[in-house]
Amino acid sequence: MGTLPKEKKISMTWLLRYLKPVKGRLTILLIMLLVSTGLQLVSPQIIKRFIDTAASGGVLASLIQLAGLFLIVAVFNQLITVAVSYLGNDVSWRATNRLRGDLLKHCLRLDMRFHNLKTPGEMIERVDGDVTSISNFFSMFIVQVIGSFVLLAGILGFMFTVNLPIAIVMAVFTLVSILFMVFIRDLGVAPSKDEREASASLFGLIEERIAGIEDVQANGNVPYVMNRFYRMMRAVFLKGRKAWMFRVIPWNTTVILFALAVTAVLLLGVHYYLIGQISLGTLFLIYQYTQMLNDPIEMLGDQVQEFQKAKSGMLRSRELLSERSEIVNGEQNGLPDGALGLEFRDVNFSYNENKPVLRNINFTVHPGERLGIIGRTGSGKSSLSRVLLRLYNIDSGVIRVGGTDISTLNLPALYRRVGMVTQDVQLFDGSLRDNLTLFDTTVTDESILNTTEQLGLRRWIDAQPSGLDTHLTAGGNSLSAGEAQLFALTRVFLTEPSLVILDEPSSRLDAATESMLQIAVDQLMKECTGIIIAHRLATLEKVDKIMVLGDGEILEFGAREELAKRPNSHYARLLVTGREEELA
Ligand code: ATP
Ligand code: MG
């Protein structure tokens, strides 16, 4: 990153995808702009007439008429300018919101390996910040560039009918300015892209530190965080300054060129006036038109800057959209009805190439059975559940759910039938209902209340000020860790899964709540196959099979009762001593 990808061109088809839905509005925008441009050209003509009429001692009535006309044109032009600005914003929001939507959808589907490397703050900048830099391009760029050219052509065209030498000076100035800007237009793209990247990292830093505010405060780490923040700010400033300098070169150059052109035109104009070739009104007109040249050229200069920003944003967005998820969706839809069996064959898995996390995993769980997994911290228990849900691809081997290799399965079909409660539960800003259904509006209140009743949570919901409508704050900070876990359980059981994985479902509950929940979970699990990962043996009293994982390998696998009877088994020793050292 930091450098431009090989493909520097933004393909037209890509742009058209976002511009097509707004093409009607764009056309209206363009027409209004042409009208406004025409009116701008007319105004100086009216003033010219006014001056010449006044200078030649014309009648007052026609002077008043000209003044009235000038006023009408000015007001009308202003109204159109307001409408153009409104419509421009409208077009820009419509087009860029579609792109924002595409980016977010794409990000949400990218694999965990990608997300592990990115902070949410950085992703926010990419989904929103980068797109904001494109928005001007979508709305005003095309319109203003065309409008500026039309205005320039109008001014120059008219000048050629008035005075050839002056028209030539103006045309040369215009041509040189535009050629210069076109020539250097890509100069600022790479620095602008670097600037956006630095800004994304900064957002990442802020987001991460604020998300971990409790740890940061509790450890007295605010000064260190600020130190990192200032350094990052400095990087953003330096990159921003560089990008800005590259962007303002065209603008500054045209300002100098313009000063030269105005001086030349005025000298020539005064000369022709003095020798009587042009009237005072025409001298004024020439002056006005020369001044007016500045606007479209400056506008083009601005647009070149905007274009550089937009192009860097587009390149970054395109880069993101071209990231492919390593998880390729399969074709198979059909899984057998009822509880689903599970099979791991020679499964190997690692997050990073050099460190295997799961090694030669082989086991089978029959439909309706319950498997308890135990193992030391870091032995690979959670990783096993992640590969089972295809959050990561395995390095080798096969995982079958309901007899089908999951890599050939359609992902929604897999997720519809398999549910997981993870070790650290996420709650979202929204009502209790939203958090239980994960924003699925098809789930009825009745089924929510039924499930919560079974899990013994109903009392807790009834005690809330507005029941299911009670608002949970962002991050679910208004719940205790144990309560959050209870909710996550409800959430999974509401989907009526056929295979469910509970990663330490009761680690944060007190003994009384745990045993109450245990009964409920047993009840709910009657309909499905269950995998329960646990450190506490009490949680595993009802399971059929036990797997002991150690350092990514299966140390032991078998029927729970058998293992309990075999005095030398890890499980039996753990039962006796209660010490997890027995598992190593
Ligand atoms: P615990 O009992 O603490 O929950 P666990 O058995 O669930 O432990 P895992 O989370 O599966 O352990 O982790 C297994 C190994 O994989 C650990 O060594 C861990 O450092 C590593 N690991 C886990 N997640 C990642 C990740 N996202 N990227 C790289 N390595 C990871
Ligand atoms: Mg774990």
# chains A, B, ... in the order shown; residues from 1 in each chain; ligands from 1

call {"tool": "residues_near_ligand", "arguments": {"ligand": "ligand 1", "cutoff": "7 Å", "atoms": "only C-alpha atoms and all ligand atoms", "output": "PDB file with C-alpha atoms, in the first residue's frame"}}
result
ATOM      1  CA  ASN A 116      -7.989  -9.474  11.783  1.00  0.00           C
ATOM      2  CA  TYR A 351      -3.848 -18.677  11.215  1.00  0.00           C
ATOM      3  CA  ASN A 352      -0.295 -18.012  10.081  1.00  0.00           C
ATOM      4  CA  VAL A 357      -3.188 -24.438  15.490  1.00  0.00           C
ATOM      5  CA  GLY A 375      -8.319 -28.289  26.852  1.00  0.00           C
ATOM      6  CA  ARG A 376      -5.838 -25.798  28.195  1.00  0.00           C
ATOM      7  CA  THR A 377      -5.952 -22.156  27.259  1.00  0.00           C
ATOM      8  CA  GLY A 378      -4.775 -21.718  23.674  1.00  0.00           C
ATOM      9  CA  SER A 379      -5.168 -25.414  22.824  1.00  0.00           C
ATOM     10  CA  GLY A 380      -7.342 -24.598  19.806  1.00  0.00           C
ATOM     11  CA  LYS A 381     -10.912 -25.080  21.061  1.00  0.00           C
ATOM     12  CA  SER A 382     -12.314 -21.817  19.753  1.00  0.00           C
ATOM     13  CA  SER A 383     -10.352 -22.243  16.536  1.00  0.00           C
ATOM     14  CA  LEU A 384     -12.043 -25.602  15.987  1.00  0.00           C
TER      15      LEU A 384
END

call {"tool": "residues_around", "arguments": {"residues": "region 16-19 of chain A", "least_positions_apart": "4", "cutoff": "9 Å", "atoms": "only C-alpha atoms", "output": "ChimeraX atom specification"}}
result
/A:11-12,23,26,91,94-96,98-99,138

call {"tool": "write_last_selection", "arguments": {"atoms": "N, CA and C atoms", "output": "PDB file, in the first residue's frame"}}
result
ATOM      1  N   SER A  11     -11.886   2.641 -14.624  1.00  0.00           N
ATOM      2  CA  SER A  11     -12.603   2.327 -15.855  1.00  0.00           C
ATOM      3  C   SER A  11     -13.952   3.035 -15.885  1.00  0.00           C
ATOM      4  N   MET A  12     -14.358   3.408 -17.084  1.00  0.00           N
ATOM      5  CA  MET A  12     -15.615   4.134 -17.240  1.00  0.00           C
ATOM      6  C   MET A  12     -16.801   3.290 -16.794  1.00  0.00           C
ATOM      7  N   LYS A  23     -28.836   9.358 -13.913  1.00  0.00           N
ATOM      8  CA  LYS A  23     -28.564  10.065 -15.174  1.00  0.00           C
ATOM      9  C   LYS A  23     -29.626  11.114 -15.500  1.00  0.00           C
ATOM     10  N   LEU A  26     -28.777  14.121 -13.524  1.00  0.00           N
ATOM     11  CA  LEU A  26     -27.559  14.719 -14.077  1.00  0.00           C
ATOM     12  C   LEU A  26     -27.890  15.562 -15.309  1.00  0.00           C
ATOM     13  N   VAL A  91     -27.583  14.477  -6.304  1.00  0.00           N
ATOM     14  CA  VAL A  91     -26.977  13.478  -7.186  1.00  0.00           C
ATOM     15  C   VAL A  91     -25.793  12.816  -6.484  1.00  0.00           C
ATOM     16  N   ARG A  94     -26.929  10.373  -3.761  1.00  0.00           N
ATOM     17  CA  ARG A  94     -27.513   9.159  -4.315  1.00  0.00           C
ATOM     18  C   ARG A  94     -26.442   8.220  -4.862  1.00  0.00           C
ATOM     19  N   ALA A  95     -25.514   8.806  -5.638  1.00  0.00           N
ATOM     20  CA  ALA A  95     -24.497   7.962  -6.271  1.00  0.00           C
ATOM     21  C   ALA A  95     -23.539   7.386  -5.233  1.00  0.00           C
ATOM     22  N   THR A  96     -23.093   8.233  -4.280  1.00  0.00           N
ATOM     23  CA  THR A  96     -22.081   7.733  -3.349  1.00  0.00           C
ATOM     24  C   THR A  96     -22.677   6.814  -2.287  1.00  0.00           C
ATOM     25  N   ARG A  98     -24.768   4.577  -2.792  1.00  0.00           N
ATOM     26  CA  ARG A  98     -24.757   3.245  -3.389  1.00  0.00           C
ATOM     27  C   ARG A  98     -23.370   2.629  -3.250  1.00  0.00           C
ATOM     28  N   LEU A  99     -22.363   3.465  -3.483  1.00  0.00           N
ATOM     29  CA  LEU A  99     -20.989   2.968  -3.364  1.00  0.00           C
ATOM     30  C   LEU A  99     -20.687   2.605  -1.906  1.00  0.00           C
ATOM     31  N   PHE A 138     -18.815  12.963  -8.336  1.00  0.00           N
ATOM     32  CA  PHE A 138     -20.081  12.476  -8.874  1.00  0.00           C
ATOM     33  C   PHE A 138     -21.049  13.609  -9.165  1.00  0.00           C
TER      34      PHE A 138
END

call {"tool": "residues_around", "arguments": {"residues": "Gly578 (chain A)", "least_positions_apart": "6", "cutoff": "12 Å", "atoms": "only C-alpha atoms", "output": "JSON, numbers by chain"}}
result
{"A": [535, 536, 537, 538, 570, 571, 572]}

call {"tool": "residues_around", "arguments": {"residues": "region 361-369 of chain A", "least_positions_apart": "4", "cutoff": "7 Å", "atoms": "only C-alpha atoms", "output": "list in words"}}
result
Ala339, Leu340, Gly341, Leu342, Glu343, Phe344, Arg345, Asp346, Val347, Asn348, Cys528, Thr529, Gly530, Asp544, Glu553 and Ile554 of chain A

call {"tool": "closest_residue", "arguments": {"among": "A:Ala261, A:Leu280, A:Val225, A:Val421", "to": "ligand 2", "atoms": "only C-alpha atoms and all ligand atoms"}}
result
A:Val421

call {"tool": "residues_around", "arguments": {"residues": "Met547 (chain A)", "least_positions_apart": "6", "cutoff": "6 Å", "atoms": "only C-alpha atoms", "output": "ChimeraX atom specification"}}
result
/A:373,556-557

call {"tool": "write_last_selection", "arguments": {"atoms": "N, CA, C and O atoms", "output": "PDB file, in the first residue's frame"}}
result
ATOM      1  N   ILE A 373     -15.874 -30.324  24.686  1.00  0.00           N
ATOM      2  CA  ILE A 373     -14.451 -30.160  24.371  1.00  0.00           C
ATOM      3  C   ILE A 373     -13.758 -29.457  25.524  1.00  0.00           C
ATOM      4  O   ILE A 373     -14.210 -28.408  25.983  1.00  0.00           O
ATOM      5  N   GLU A 556      -7.463 -37.037  23.480  1.00  0.00           N
ATOM      6  CA  GLU A 556      -8.377 -38.082  23.924  1.00  0.00           C
ATOM      7  C   GLU A 556      -9.736 -37.816  23.309  1.00  0.00           C
ATOM      8  O   GLU A 556     -10.151 -36.661  23.192  1.00  0.00           O
ATOM      9  N   PHE A 557     -10.412 -38.901  22.896  1.00  0.00           N
ATOM     10  CA  PHE A 557     -11.756 -38.713  22.377  1.00  0.00           C
ATOM     11  C   PHE A 557     -12.539 -39.984  22.674  1.00  0.00           C
ATOM     12  O   PHE A 557     -12.071 -41.082  22.416  1.00  0.00           O
TER      13      PHE A 557
END

call {"tool": "atom_distance", "arguments": {"atom1": "CA of Pro505 (chain A)", "atom2": "CA of Arg433 (chain A)"}}
result
20.5 Å

call {"tool": "select_by_dssp", "arguments": {"residues": "region 363-397 of chain A", "states": "strand (DSSP E)", "output": "PyMOL selection string"}}
result
chain A and resi 363-365+370-375+396-397

call {"tool": "write_last_selection", "arguments": {"atoms": "N, CA, C and O atoms", "output": "JSON list (two decimals), in the first residue's frame"}}
result
[["chain", "number", "residue", "atom", "x", "y", "z"],
["A", 363, "PHE", "N", -12.56, -36.78, 14.03],
["A", 363, "PHE", "CA", -13.60, -37.25, 14.96],
["A", 363, "PHE", "C", -14.97, -37.19, 14.29],
["A", 363, "PHE", "O", -15.14, -36.56, 13.25],
["A", 364, "THR", "N", -15.92, -37.87, 14.89],
["A", 364, "THR", "CA", -17.29, -37.89, 14.36],
["A", 364, "THR", "C", -18.25, -37.65, 15.50],
["A", 364, "THR", "O", -18.07, -38.19, 16.59],
["A", 365, "VAL", "N", -19.25, -36.82, 15.24],
["A", 365, "VAL", "CA", -20.34, -36.66, 16.20],
["A", 365, "VAL", "C", -21.62, -37.00, 15.46],
["A", 365, "VAL", "O", -21.88, -36.43, 14.39],
["A", 370, "ARG", "N", -24.09, -35.11, 21.91],
["A", 370, "ARG", "CA", -23.48, -33.91, 22.47],
["A", 370, "ARG", "C", -22.00, -34.17, 22.77],
["A", 370, "ARG", "O", -21.67, -35.18, 23.39],
["A", 371, "LEU", "N", -21.18, -33.25, 22.29],
["A", 371, "LEU", "CA", -19.74, -33.40, 22.48],
["A", 371, "LEU", "C", -19.23, -32.28, 23.38],
["A", 371, "LEU", "O", -19.57, -31.12, 23.18],
["A", 372, "GLY", "N", -18.48, -32.66, 24.38],
["A", 372, "GLY", "CA", -17.86, -31.64, 25.23],
["A", 372, "GLY", "C", -16.38, -31.54, 24.87],
["A", 372, "GLY", "O", -15.71, -32.56, 24.71],
["A", 373, "ILE", "N", -15.87, -30.32, 24.69],
["A", 373, "ILE", "CA", -14.45, -30.16, 24.37],
["A", 373, "ILE", "C", -13.76, -29.46, 25.52],
["A", 373, "ILE", "O", -14.21, -28.41, 25.98],
["A", 374, "ILE", "N", -12.70, -30.08, 26.02],
["A", 374, "ILE", "CA", -11.91, -29.42, 27.05],
["A", 374, "ILE", "C", -10.46, -29.33, 26.60],
["A", 374, "ILE", "O", -10.02, -30.04, 25.71],
["A", 375, "GLY", "N", -9.73, -28.47, 27.22],
["A", 375, "GLY", "CA", -8.32, -28.29, 26.85],
["A", 375, "GLY", "C", -7.79, -27.02, 27.47],
["A", 375, "GLY", "O", -8.56, -26.13, 27.82],
["A", 396, "SER", "N", -5.89, -28.24, 5.21],
["A", 396, "SER", "CA", -6.11, -29.52, 4.54],
["A", 396, "SER", "C", -7.13, -30.32, 5.33],
["A", 396, "SER", "O", -7.41, -30.03, 6.49],
["A", 397, "GLY", "N", -7.69, -31.35, 4.66],
["A", 397, "GLY", "CA", -8.68, -32.18, 5.31],
["A", 397, "GLY", "C", -10.09, -31.79, 4.90],
["A", 397, "GLY", "O", -10.28, -30.95, 4.02]]

call {"tool": "residues_around", "arguments": {"residues": "Leu152 (chain A)", "least_positions_apart": "4", "cutoff": "7 Å", "atoms": "only C-alpha atoms", "output": "count of residues only"}}
result
4

call {"tool": "residues_around", "arguments": {"residues": "Ala83 (chain A)", "least_positions_apart": "6", "cutoff": "12 Å", "atoms": "only C-alpha atoms", "output": "PDB file with N, CA, C and O atoms, in the first residue's frame"}}
result
ATOM      1  N   ARG A  25     -31.294  13.027 -13.358  1.00  0.00           N
ATOM      2  CA  ARG A  25     -30.981  14.216 -12.559  1.00  0.00           C
ATOM      3  C   ARG A  25     -29.742  14.925 -13.089  1.00  0.00           C
ATOM      4  O   ARG A  25     -29.673  16.160 -13.095  1.00  0.00           O
ATOM      5  N   ILE A  28     -30.755  17.088 -16.021  1.00  0.00           N
ATOM      6  CA  ILE A  28     -31.393  18.344 -15.601  1.00  0.00           C
ATOM      7  C   ILE A  28     -30.338  19.311 -15.074  1.00  0.00           C
ATOM      8  O   ILE A  28     -30.335  20.503 -15.381  1.00  0.00           O
ATOM      9  N   LEU A  29     -29.414  18.760 -14.299  1.00  0.00           N
ATOM     10  CA  LEU A  29     -28.348  19.576 -13.727  1.00  0.00           C
ATOM     11  C   LEU A  29     -27.567  20.275 -14.836  1.00  0.00           C
ATOM     12  O   LEU A  29     -27.276  21.473 -14.760  1.00  0.00           O
ATOM     13  N   LEU A  30     -27.257  19.504 -15.856  1.00  0.00           N
ATOM     14  CA  LEU A  30     -26.474  20.032 -16.962  1.00  0.00           C
ATOM     15  C   LEU A  30     -27.230  21.144 -17.697  1.00  0.00           C
ATOM     16  O   LEU A  30     -26.664  22.197 -18.012  1.00  0.00           O
ATOM     17  N   ILE A  31     -28.514  20.910 -17.930  1.00  0.00           N
ATOM     18  CA  ILE A  31     -29.317  21.918 -18.644  1.00  0.00           C
ATOM     19  C   ILE A  31     -29.349  23.218 -17.833  1.00  0.00           C
ATOM     20  O   ILE A  31     -29.122  24.311 -18.363  1.00  0.00           O
ATOM     21  N   MET A  32     -29.603  23.083 -16.530  1.00  0.00           N
ATOM     22  CA  MET A  32     -29.666  24.282 -15.692  1.00  0.00           C
ATOM     23  C   MET A  32     -28.340  25.019 -15.726  1.00  0.00           C
ATOM     24  O   MET A  32     -28.283  26.248 -15.734  1.00  0.00           O
ATOM     25  N   LEU A  33     -27.273  24.236 -15.753  1.00  0.00           N
ATOM     26  CA  LEU A  33     -25.966  24.869 -15.764  1.00  0.00           C
ATOM     27  C   LEU A  33     -25.710  25.628 -17.057  1.00  0.00           C
ATOM     28  O   LEU A  33     -25.118  26.705 -17.055  1.00  0.00           O
ATOM     29  N   VAL A  35     -27.998  27.002 -18.906  1.00  0.00           N
ATOM     30  CA  VAL A  35     -28.809  28.217 -18.846  1.00  0.00           C
ATOM     31  C   VAL A  35     -28.082  29.274 -18.006  1.00  0.00           C
ATOM     32  O   VAL A  35     -27.949  30.440 -18.401  1.00  0.00           O
ATOM     33  N   SER A  36     -27.608  28.843 -16.857  1.00  0.00           N
ATOM     34  CA  SER A  36     -26.911  29.771 -15.961  1.00  0.00           C
ATOM     35  C   SER A  36     -25.672  30.361 -16.647  1.00  0.00           C
ATOM     36  O   SER A  36     -25.377  31.554 -16.522  1.00  0.00           O
ATOM     37  N   PHE A  76     -32.690  35.679 -11.605  1.00  0.00           N
ATOM     38  CA  PHE A  76     -32.947  34.378 -12.203  1.00  0.00           C
ATOM     39  C   PHE A  76     -31.701  33.488 -12.117  1.00  0.00           C
ATOM     40  O   PHE A  76     -31.770  32.317 -11.760  1.00  0.00           O
ATOM     41  N   ASN A  77     -30.574  34.107 -12.423  1.00  0.00           N
ATOM     42  CA  ASN A  77     -29.324  33.358 -12.376  1.00  0.00           C
ATOM     43  C   ASN A  77     -29.055  32.839 -10.962  1.00  0.00           C
ATOM     44  O   ASN A  77     -28.637  31.703 -10.759  1.00  0.00           O
ATOM     45  N   ASN A  89     -25.875  18.244  -4.903  1.00  0.00           N
ATOM     46  CA  ASN A  89     -25.739  17.469  -3.669  1.00  0.00           C
ATOM     47  C   ASN A  89     -26.591  16.221  -3.696  1.00  0.00           C
ATOM     48  O   ASN A  89     -26.190  15.164  -3.225  1.00  0.00           O
ATOM     49  N   ASP A  90     -27.785  16.380  -4.222  1.00  0.00           N
ATOM     50  CA  ASP A  90     -28.711  15.261  -4.302  1.00  0.00           C
ATOM     51  C   ASP A  90     -28.105  14.127  -5.138  1.00  0.00           C
ATOM     52  O   ASP A  90     -28.074  12.969  -4.709  1.00  0.00           O
TER      53      ASP A  90
END

call {"tool": "closest_residue", "arguments": {"among": "A:Thr473, A:Ile327, A:Thr452, A:Leu486", "to": "Leu409 (chain A)", "atoms": "only C-alpha atoms"}}
result
A:Ile327

call {"tool": "closest_residue", "arguments": {"among": "A:Ser407, A:Ser350, A:Gln217, A:Gln423", "to": "ligand 2", "atoms": "only C-alpha atoms and all ligand atoms"}}
result
A:Gln423

call {"tool": "closest_residue", "arguments": {"among": "A:Leu583, A:Ala484, A:Val543, A:Ala534", "to": "ligand 2", "atoms": "only C-alpha atoms and all ligand atoms"}}
result
A:Ala534

call {"tool": "closest_residue", "arguments": {"among": "A:Met170, A:Leu66, A:Leu321, A:Val150", "to": "Arg126 (chain A)", "atoms": "only C-alpha atoms"}}
result
A:Leu321

call {"tool": "atom_distance", "arguments": {"atom1": "CA of Glu125 (chain A)", "atom2": "CA of Leu438 (chain A)"}}
result
24.8 Å

call {"tool": "closest_residue", "arguments": {"among": "A:Leu335, A:Leu260, A:Leu479, A:Met314", "to": "Ser135 (chain A)", "atoms": "only C-alpha atoms"}}
result
A:Met314

call {"tool": "atom_distance", "arguments": {"atom1": "CA of Glu298 (chain A)", "atom2": "CA of Gly269 (chain A)"}}
result
23.2 Å

call {"tool": "decode", "arguments": {"residues": "region 63-81 of chain A", "atoms": "N, CA, C and O atoms", "output": "short mmCIF file (atom, residue, chain, number, x, y, z; two decimals), in the first residue's frame"}}
result
data_model
loop_
_atom_site.label_atom_id
_atom_site.label_comp_id
_atom_site.auth_asym_id
_atom_site.auth_seq_id
_atom_site.Cartn_x
_atom_site.Cartn_y
_atom_site.Cartn_z
N LEU A 63 -32.57 53.36 -20.43
CA LEU A 63 -31.61 53.05 -19.36
C LEU A 63 -32.29 52.28 -18.24
O LEU A 63 -31.77 51.28 -17.73
N ILE A 64 -33.49 52.74 -17.88
CA ILE A 64 -34.24 52.05 -16.82
C ILE A 64 -34.61 50.64 -17.26
O ILE A 64 -34.50 49.67 -16.49
N GLN A 65 -34.97 50.52 -18.53
CA GLN A 65 -35.30 49.21 -19.08
C GLN A 65 -34.11 48.25 -18.96
O GLN A 65 -34.25 47.11 -18.49
N LEU A 66 -32.93 48.75 -19.35
CA LEU A 66 -31.72 47.93 -19.27
C LEU A 66 -31.42 47.54 -17.83
O LEU A 66 -31.05 46.39 -17.54
N ALA A 67 -31.59 48.50 -16.91
CA ALA A 67 -31.34 48.21 -15.49
C ALA A 67 -32.29 47.12 -14.99
O ALA A 67 -31.87 46.18 -14.29
N GLY A 68 -33.56 47.25 -15.40
CA GLY A 68 -34.56 46.25 -15.00
C GLY A 68 -34.19 44.87 -15.53
O GLY A 68 -34.22 43.86 -14.81
N LEU A 69 -33.78 44.81 -16.79
CA LEU A 69 -33.40 43.55 -17.42
C LEU A 69 -32.23 42.91 -16.67
O LEU A 69 -32.20 41.71 -16.38
N PHE A 70 -31.26 43.78 -16.33
CA PHE A 70 -30.08 43.31 -15.60
C PHE A 70 -30.49 42.66 -14.28
O PHE A 70 -30.01 41.57 -13.91
N LEU A 71 -31.42 43.32 -13.61
CA LEU A 71 -31.88 42.82 -12.31
C LEU A 71 -32.55 41.45 -12.46
O LEU A 71 -32.26 40.50 -11.72
N ILE A 72 -33.43 41.36 -13.49
CA ILE A 72 -34.15 40.10 -13.70
C ILE A 72 -33.15 38.97 -13.98
O ILE A 72 -33.22 37.88 -13.39
N VAL A 73 -32.20 39.24 -14.87
CA VAL A 73 -31.21 38.21 -15.22
C VAL A 73 -30.42 37.80 -13.97
O VAL A 73 -30.21 36.60 -13.71
N ALA A 74 -30.04 38.79 -13.16
CA ALA A 74 -29.24 38.49 -11.96
C ALA A 74 -30.02 37.61 -10.99
O ALA A 74 -29.51 36.61 -10.48
N VAL A 75 -31.30 37.98 -10.74
CA VAL A 75 -32.11 37.20 -9.80
C VAL A 75 -32.34 35.79 -10.32
O VAL A 75 -32.17 34.79 -9.60
N PHE A 76 -32.69 35.68 -11.61
CA PHE A 76 -32.95 34.38 -12.20
C PHE A 76 -31.70 33.49 -12.12
O PHE A 76 -31.77 32.32 -11.76
N ASN A 77 -30.57 34.11 -12.42
CA ASN A 77 -29.32 33.36 -12.38
C ASN A 77 -29.06 32.84 -10.96
O ASN A 77 -28.64 31.70 -10.76
N GLN A 78 -29.34 33.68 -9.98
CA GLN A 78 -29.12 33.27 -8.60
C GLN A 78 -30.00 32.08 -8.23
O GLN A 78 -29.56 31.13 -7.61
N LEU A 79 -31.26 32.16 -8.67
CA LEU A 79 -32.19 31.06 -8.39
C LEU A 79 -31.68 29.76 -9.00
O LEU A 79 -31.69 28.70 -8.38
N ILE A 80 -31.21 29.85 -10.24
CA ILE A 80 -30.69 28.64 -10.89
C ILE A 80 -29.46 28.13 -10.16
O ILE A 80 -29.29 26.93 -9.96
N THR A 81 -28.61 29.04 -9.70
CA THR A 81 -27.42 28.62 -8.97
C THR A 81 -27.79 27.82 -7.72
O THR A 81 -27.20 26.78 -7.42
#
